[in-house]
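J.: Please find data34.cif (mmCIF, C-alpha atoms) on the next line:
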```
data_coords
loop_
_atom_site.group_PDB
_atom_site.id
_atom_site.type_symbol
_atom_site.label_atom_id
_atom_site.label_comp_id
_atom_site.auth_asym_id
_atom_site.auth_seq_id
_atom_site.Cartn_x
_atom_site.Cartn_y
_atom_site.Cartn_z
ATOM 1 C CA MET A 58 -4.984 -81.966 3.556
ATOM 2 C CA ALA A 59 -1.445 -80.731 4.229
ATOM 3 C CA LEU A 60 -0.302 -82.273 0.946
ATOM 4 C CA PHE A 61 -3.053 -80.414 -0.930
ATOM 5 C CA VAL A 62 -2.111 -77.103 0.734
ATOM 6 C CA ARG A 63 1.557 -77.625 -0.188
ATOM 7 C CA TRP A 64 0.582 -78.506 -3.780
ATOM 8 C CA LEU A 65 -1.666 -75.434 -4.031
ATOM 9 C CA GLY A 66 1.126 -73.253 -2.626
ATOM 10 C CA ASP A 67 3.541 -74.604 -5.245
ATOM 11 C CA ILE A 68 1.049 -73.886 -8.044
ATOM 12 C CA LEU A 69 0.314 -70.358 -6.814
ATOM 13 C CA GLY A 70 4.031 -69.700 -6.381
ATOM 14 C CA LYS A 71 4.658 -70.646 -10.007
ATOM 15 C CA ILE A 72 1.825 -68.414 -11.182
ATOM 16 C CA THR A 73 3.072 -65.353 -9.309
ATOM 17 C CA MET A 74 6.682 -65.959 -10.345
ATOM 18 C CA ALA A 75 5.915 -65.649 -14.048
ATOM 19 C CA GLN A 76 7.787 -62.728 -15.553
ATOM 20 C CA HIS A 77 6.073 -60.586 -18.187
ATOM 21 C CA TYR A 78 7.080 -58.082 -20.801
ATOM 22 C CA TYR A 79 5.197 -55.286 -22.483
ATOM 23 C CA LEU A 80 6.512 -54.357 -25.916
ATOM 24 C CA GLU A 81 5.191 -51.408 -27.909
ATOM 25 C CA THR A 82 6.251 -50.761 -31.481
ATOM 26 C CA MET A 83 6.325 -47.170 -32.671
ATOM 27 C CA GLY A 84 7.178 -46.713 -36.301
ATOM 28 C CA CYS A 85 7.897 -48.426 -39.560
ATOM 29 C CA GLN A 86 7.565 -52.009 -40.838
ATOM 30 C CA MET A 87 11.168 -52.748 -39.949
ATOM 31 C CA ASN A 88 10.279 -51.945 -36.362
ATOM 32 C CA GLU A 89 7.548 -54.584 -36.511
ATOM 33 C CA ARG A 90 10.157 -57.149 -37.549
ATOM 34 C CA ASP A 91 12.616 -55.959 -34.914
ATOM 35 C CA SER A 92 9.875 -56.215 -32.274
ATOM 36 C CA GLU A 93 9.428 -59.858 -33.244
ATOM 37 C CA THR A 94 13.138 -60.325 -32.559
ATOM 38 C CA LEU A 95 12.897 -58.571 -29.182
ATOM 39 C CA ALA A 96 9.848 -60.708 -28.313
ATOM 40 C CA GLY A 97 11.761 -63.833 -29.311
ATOM 41 C CA ILE A 98 14.708 -62.885 -27.114
ATOM 42 C CA LEU A 99 12.468 -62.164 -24.134
ATOM 43 C CA GLY A 100 10.497 -65.357 -24.743
ATOM 44 C CA LYS A 101 13.696 -67.381 -24.781
ATOM 45 C CA MET A 102 14.558 -65.784 -21.427
ATOM 46 C CA GLY A 103 11.267 -67.080 -20.017
ATOM 47 C CA PHE A 104 9.223 -63.884 -20.174
ATOM 48 C CA GLU A 105 5.585 -63.974 -21.263
ATOM 49 C CA PRO A 106 3.884 -61.122 -23.158
ATOM 50 C CA THR A 107 1.266 -58.922 -21.519
ATOM 51 C CA ALA A 108 -1.107 -56.439 -23.105
ATOM 52 C CA GLN A 109 -1.017 -54.072 -20.110
ATOM 53 C CA MET A 110 2.021 -51.848 -19.694
ATOM 54 C CA GLU A 111 1.697 -51.813 -15.897
ATOM 55 C CA ASP A 112 1.849 -55.625 -15.767
ATOM 56 C CA GLY A 113 5.213 -55.819 -17.529
ATOM 57 C CA ASP A 114 8.294 -56.613 -15.483
ATOM 58 C CA ILE A 115 10.064 -55.317 -18.582
ATOM 59 C CA ILE A 116 8.527 -52.427 -20.493
ATOM 60 C CA ALA A 117 10.144 -51.925 -23.881
ATOM 61 C CA PHE A 118 9.547 -49.441 -26.671
ATOM 62 C CA ASN A 119 10.865 -50.142 -30.153
ATOM 63 C CA THR A 120 11.154 -46.824 -31.945
ATOM 64 C CA CYS A 121 11.602 -45.291 -35.392
ATOM 65 C CA THR A 122 13.166 -41.998 -36.490
ATOM 66 C CA VAL A 123 11.745 -41.867 -40.000
ATOM 67 C CA ARG A 124 8.735 -39.941 -38.729
ATOM 68 C CA ALA A 125 8.612 -37.366 -35.920
ATOM 69 C CA LYS A 126 5.478 -38.776 -34.284
ATOM 70 C CA PRO A 127 7.122 -41.899 -32.744
ATOM 71 C CA HIS A 128 9.852 -39.697 -31.238
ATOM 72 C CA HIS A 129 7.278 -37.470 -29.515
ATOM 73 C CA LYS A 130 5.106 -40.437 -28.562
ATOM 74 C CA LEU A 131 8.083 -42.127 -26.906
ATOM 75 C CA PHE A 132 8.805 -39.202 -24.616
ATOM 76 C CA SER A 133 5.113 -38.886 -23.784
ATOM 77 C CA LYS A 134 5.009 -42.581 -22.776
ATOM 78 C CA LEU A 135 8.215 -42.226 -20.776
ATOM 79 C CA GLY A 136 6.667 -39.281 -18.939
ATOM 80 C CA GLU A 137 3.736 -41.516 -17.991
ATOM 81 C CA LEU A 138 6.142 -44.188 -16.742
ATOM 82 C CA ARG A 139 8.083 -41.920 -14.410
ATOM 83 C CA ARG A 140 5.644 -42.423 -11.509
ATOM 84 C CA LEU A 141 5.333 -46.156 -12.146
ATOM 85 C CA LYS A 142 9.119 -46.526 -12.010
ATOM 86 C CA GLU A 143 9.231 -44.536 -8.757
ATOM 87 C CA ARG A 144 6.642 -46.879 -7.195
ATOM 88 C CA GLN A 145 8.181 -50.034 -8.668
ATOM 89 C CA PRO A 146 11.892 -49.443 -9.266
ATOM 90 C CA GLU A 147 12.461 -53.133 -10.044
ATOM 91 C CA LYS A 148 10.652 -52.736 -13.376
ATOM 92 C CA ILE A 149 13.037 -52.577 -16.315
ATOM 93 C CA ILE A 150 12.343 -49.902 -18.916
ATOM 94 C CA ALA A 151 14.052 -50.272 -22.281
ATOM 95 C CA VAL A 152 14.140 -47.939 -25.267
ATOM 96 C CA CYS A 153 15.126 -49.833 -28.388
ATOM 97 C CA GLY A 154 15.468 -49.005 -32.060
ATOM 98 C CA CYS A 155 16.452 -45.995 -34.095
ATOM 99 C CA VAL A 156 15.505 -43.305 -31.575
ATOM 100 C CA ALA A 157 17.680 -45.083 -29.014
ATOM 101 C CA GLN A 158 20.479 -45.185 -31.568
ATOM 102 C CA ILE A 159 20.515 -41.481 -32.374
ATOM 103 C CA ALA A 160 19.053 -39.889 -29.233
ATOM 104 C CA ALA A 161 20.621 -41.839 -26.356
ATOM 105 C CA ASP A 162 21.907 -38.653 -24.693
ATOM 106 C CA GLU A 163 18.480 -37.020 -24.927
ATOM 107 C CA ILE A 164 16.819 -40.111 -23.438
ATOM 108 C CA CYS A 165 19.309 -40.133 -20.556
ATOM 109 C CA ARG A 166 18.679 -36.438 -19.924
ATOM 110 C CA ARG A 167 14.876 -36.420 -20.244
ATOM 111 C CA ALA A 168 14.164 -39.862 -18.767
ATOM 112 C CA PRO A 169 17.034 -40.805 -16.436
ATOM 113 C CA PHE A 170 14.998 -43.715 -15.024
ATOM 114 C CA VAL A 171 15.285 -45.687 -18.299
ATOM 115 C CA ASP A 172 17.374 -48.817 -17.694
ATOM 116 C CA ILE A 173 18.360 -49.925 -21.211
ATOM 117 C CA ILE A 174 18.972 -47.880 -24.354
ATOM 118 C CA ILE A 175 19.860 -50.106 -27.288
ATOM 119 C CA GLY A 176 20.163 -49.541 -31.020
ATOM 120 C CA PRO A 177 18.858 -51.974 -33.644
ATOM 121 C CA ARG A 178 22.285 -53.316 -34.598
ATOM 122 C CA ASN A 179 22.882 -54.336 -31.006
ATOM 123 C CA TYR A 180 19.908 -56.601 -30.285
ATOM 124 C CA SER A 181 22.276 -59.546 -29.865
ATOM 125 C CA HIS A 182 23.260 -57.854 -26.560
ATOM 126 C CA PHE A 183 19.674 -57.278 -25.371
ATOM 127 C CA ALA A 184 19.415 -60.464 -23.241
ATOM 128 C CA ALA A 185 22.695 -59.655 -21.486
ATOM 129 C CA ALA A 186 21.528 -56.093 -20.792
ATOM 130 C CA VAL A 187 18.254 -57.380 -19.298
ATOM 131 C CA SER A 188 20.156 -59.887 -17.150
ATOM 132 C CA GLN A 189 22.542 -57.184 -15.975
ATOM 133 C CA CYS A 190 19.611 -54.949 -14.975
ATOM 134 C CA ARG A 191 17.945 -57.784 -13.078
ATOM 135 C CA GLN A 192 21.150 -58.476 -11.140
ATOM 136 C CA SER A 193 21.913 -54.859 -10.283
ATOM 137 C CA ALA A 194 18.459 -53.367 -9.778
ATOM 138 C CA SER A 195 19.840 -50.445 -7.772
ATOM 139 C CA SER A 196 21.979 -49.011 -10.580
ATOM 140 C CA SER A 197 21.082 -45.435 -11.410
ATOM 141 C CA LYS A 198 22.862 -45.367 -14.790
ATOM 142 C CA PRO A 199 21.276 -46.860 -17.874
ATOM 143 C CA ILE A 200 22.948 -49.506 -19.983
ATOM 144 C CA VAL A 201 23.566 -47.774 -23.308
ATOM 145 C CA ILE A 202 24.492 -49.929 -26.311
ATOM 146 C CA THR A 203 24.401 -47.972 -29.564
ATOM 147 C CA ASP A 204 27.449 -49.155 -31.482
ATOM 148 C CA ASP A 205 26.504 -48.558 -35.109
ATOM 149 C CA GLU A 206 29.681 -50.198 -36.405
ATOM 150 C CA GLN A 207 28.388 -53.647 -35.525
ATOM 151 C CA GLN A 208 26.946 -55.889 -38.251
ATOM 152 C CA ILE A 209 23.200 -56.416 -38.343
ATOM 153 C CA PRO A 210 22.677 -59.474 -36.134
ATOM 154 C CA GLU A 211 21.277 -62.592 -37.736
ATOM 155 C CA GLY A 212 19.904 -65.789 -36.285
ATOM 156 C CA LEU A 213 18.277 -64.176 -33.249
ATOM 157 C CA PRO A 214 15.095 -65.850 -32.001
ATOM 158 C CA THR A 215 11.792 -64.378 -33.160
ATOM 159 C CA CYS A 216 8.255 -64.664 -31.970
ATOM 160 C CA ARG A 217 5.825 -63.629 -34.675
ATOM 161 C CA LEU A 218 2.860 -61.508 -33.670
ATOM 162 C CA LEU A 219 0.722 -64.558 -34.387
ATOM 163 C CA CYS A 220 2.497 -66.232 -31.460
ATOM 164 C CA LEU A 221 1.164 -63.680 -29.031
ATOM 165 C CA LEU A 222 -2.375 -64.680 -29.989
ATOM 166 C CA HIS A 223 -1.789 -68.421 -30.438
ATOM 167 C CA ARG A 224 0.915 -69.336 -27.968
ATOM 168 C CA PRO A 225 1.204 -73.045 -28.934
ATOM 169 C CA LEU A 226 2.406 -71.946 -32.375
ATOM 170 C CA CYS A 227 5.349 -69.976 -30.964
ATOM 171 C CA PRO A 228 8.743 -71.361 -32.063
ATOM 172 C CA ARG A 229 10.085 -71.195 -28.513
ATOM 173 C CA ALA A 230 7.282 -73.553 -27.455
ATOM 174 C CA GLY A 231 8.723 -76.149 -29.818
ATOM 175 C CA ALA A 232 6.180 -75.904 -32.639
ATOM 176 C CA LYS A 233 6.694 -74.136 -35.937
ATOM 177 C CA SER A 234 4.580 -71.079 -36.566
ATOM 178 C CA PRO A 235 2.990 -70.734 -39.998
ATOM 179 C CA GLY A 236 5.413 -69.277 -42.495
ATOM 180 C CA SER A 237 8.571 -69.990 -40.492
#
```
Kindly transcribe the structure held in the file into structure tokens.
T.:
Amino acid sequence: MALFVRWLGDILGKITMAQHYYLETMGCQMNERDSETLAGILGKMGFEPTAQMEDGDIIAFNTCTVRAKPHHKLFSKLGELRRLKERQPEKIIAVCGCVAQIAADEICRRAPFVDIIIGPRNYSHFAAAVSQCRQSASSSKPIVITDDEQQIPEGLPTCRLLCLLHRPLCPRAGAKSPGS
């Protein structure tokens, strides 16, 4: 019996230790592709996707500046997250994409609880920024990476949207997804 209880405890411990991310794309088709890159990076770090924002250990928004609506929607969502971040300060909130690139100061001013602000040319630094946030959870300043001089990163992992529905097809799980 004691062996069974220990085994069950190990299984339950692994279940509760799973880390999750919530990723919402606001904007153009390029944002959809960039979100696949962000999902691939987080998947490679061991995070699993979740459909519920509140369940994400990392909550990330990938944004676009081509239209005004995503900009307004972002700040509305961040307003909703303020209370959640107060209750659960260990959650990591990231603003990614074009809005992060051009409005980092505004994000810092209007949503000082955001942990990561990163432009699209800097996604190769996203994993390091997440790791830094996880190690120094008490930091009150966001990590801001918006260097637009950097080359567009290539060769970053991706997880196609199909992967979120059919996990065994995800490249990080070792199988090739259709079309990759």
J.: Just the number, please: distance in Å from atom CA of Ala117 of chain A to atom CA of Ile150 of chain A, one decimal.
T.: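 Atom-to-atom, atom CA of Ala117 of chain A and atom CA of Ile150 of chain A are spaced 5.8 Å apart.
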J.: For the file shown, report as a ChimeraX atom specification the outcome of the PyMOL selection byres ((chain A and resi 188) around 12) at residue level.
T.: /A:98-99,102-103,115,149,172-173,182-187,189-194,200
J.: Could you turn the residues from that selection into a file that holds C-alpha atoms, as an mmCIF file, in the coordinates of the input?
T.:
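Contents of selection_24.cif, freshly written:
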```
data_model
loop_
_atom_site.group_PDB
_atom_site.id
_atom_site.type_symbol
_atom_site.label_atom_id
_atom_site.label_comp_id
_atom_site.auth_asym_id
_atom_site.auth_seq_id
_atom_site.Cartn_x
_atom_site.Cartn_y
_atom_site.Cartn_z
ATOM 1 C CA ILE A 98 14.708 -62.885 -27.114
ATOM 2 C CA LEU A 99 12.468 -62.164 -24.134
ATOM 3 C CA MET A 102 14.558 -65.784 -21.427
ATOM 4 C CA GLY A 103 11.267 -67.080 -20.017
ATOM 5 C CA ILE A 115 10.064 -55.317 -18.582
ATOM 6 C CA ILE A 149 13.037 -52.577 -16.315
ATOM 7 C CA ASP A 172 17.374 -48.817 -17.694
ATOM 8 C CA ILE A 173 18.360 -49.925 -21.211
ATOM 9 C CA HIS A 182 23.260 -57.854 -26.560
ATOM 10 C CA PHE A 183 19.674 -57.278 -25.371
ATOM 11 C CA ALA A 184 19.415 -60.464 -23.241
ATOM 12 C CA ALA A 185 22.695 -59.655 -21.486
ATOM 13 C CA ALA A 186 21.528 -56.093 -20.792
ATOM 14 C CA VAL A 187 18.254 -57.380 -19.298
ATOM 15 C CA GLN A 189 22.542 -57.184 -15.975
ATOM 16 C CA CYS A 190 19.611 -54.949 -14.975
ATOM 17 C CA ARG A 191 17.945 -57.784 -13.078
ATOM 18 C CA GLN A 192 21.150 -58.476 -11.140
ATOM 19 C CA SER A 193 21.913 -54.859 -10.283
ATOM 20 C CA ALA A 194 18.459 -53.367 -9.778
ATOM 21 C CA ILE A 200 22.948 -49.506 -19.983
#
```
J.: Please provide the set of residues having any atom within 10 Å of Glu81 of chain A, restricted to only C-alpha atoms, with same-chain residues fewer than 6 positions apart removed, written as a list in words.
T.: Asn88, Glu89, Ser92, Ala108, Met110, Ile116, Ala117, Phe118, Asn119, Thr120, Leu131 and Val152 of chain A
J.: Which is closest to Phe104 of chain A among A:Thr122, A:Tyr78, A:Arg90, A:Phe170, if we use all atoms listed in the file?
T.: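 So, comparing all the options, the nearest one is A:Tyr78.
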J.: What separation in Å, quoted to one decimal, exists between atom CA of Leu141 of chain A and atom CA of Glu111 of chain A?
T.: 7.7 Å
J.: Just say which residues the PyMOL selection byres ((chain A and resi 123) around 12) picks in this file, as a list in words.
T.: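 That selection, the PyMOL selection byres ((chain A and resi 123) around 12), comes back as Met83, Gly84, Cys85, Gln86, Met87, Asn88, Thr120, Cys121, Thr122, Arg124, Ala125, Lys126, Pro127, His128, Gly154, Cys155, Val156 and Ile159 of chain A.
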J.: Run the PyMOL selection byres ((chain A and resi 201-203) around 7) against the file shown and list the residues it catches, as an MDAnalysis selection string.
T.: chainID A and resid 158 173:176 179 199:200 204:205
J.: Looking at all atoms listed in the file, which of A:Asp162, A:Ala168, A:Tyr180, A:His77 is the one that sits closest to Glu137 of chain A?
T.: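 Among A:Asp162, A:Ala168, A:Tyr180, A:His77, it is A:Ala168 that comes nearest to Glu137 of chain A.
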J.: Between atom CA of Arg167 of chain A and atom CA of Gly136 of chain A, measure the distance and give it in Å to one decimal.
T.: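 Between atom CA of Arg167 of chain A and atom CA of Gly136 of chain A the gap is 8.8 Å.
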J.: Go through A:Gln109, A:Lys101, A:Asp91, A:Cys165 one by one, measure the shortest atom-to-atom distance of each to Leu135 of chain A using only C-alpha atoms, and give the residue with the smallest value.
T.: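 Looking only at the distances to Leu135 of chain A, the closest residue turns out to be A:Cys165.
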J.: Which residue, A:Lys130, A:Asp114, A:Glu105, A:Ile164, has the smallest gap to Gln145 of chain A when you use only C-alpha atoms?
T.: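 Closest to Gln145 of chain A of all the choices is A:Asp114.
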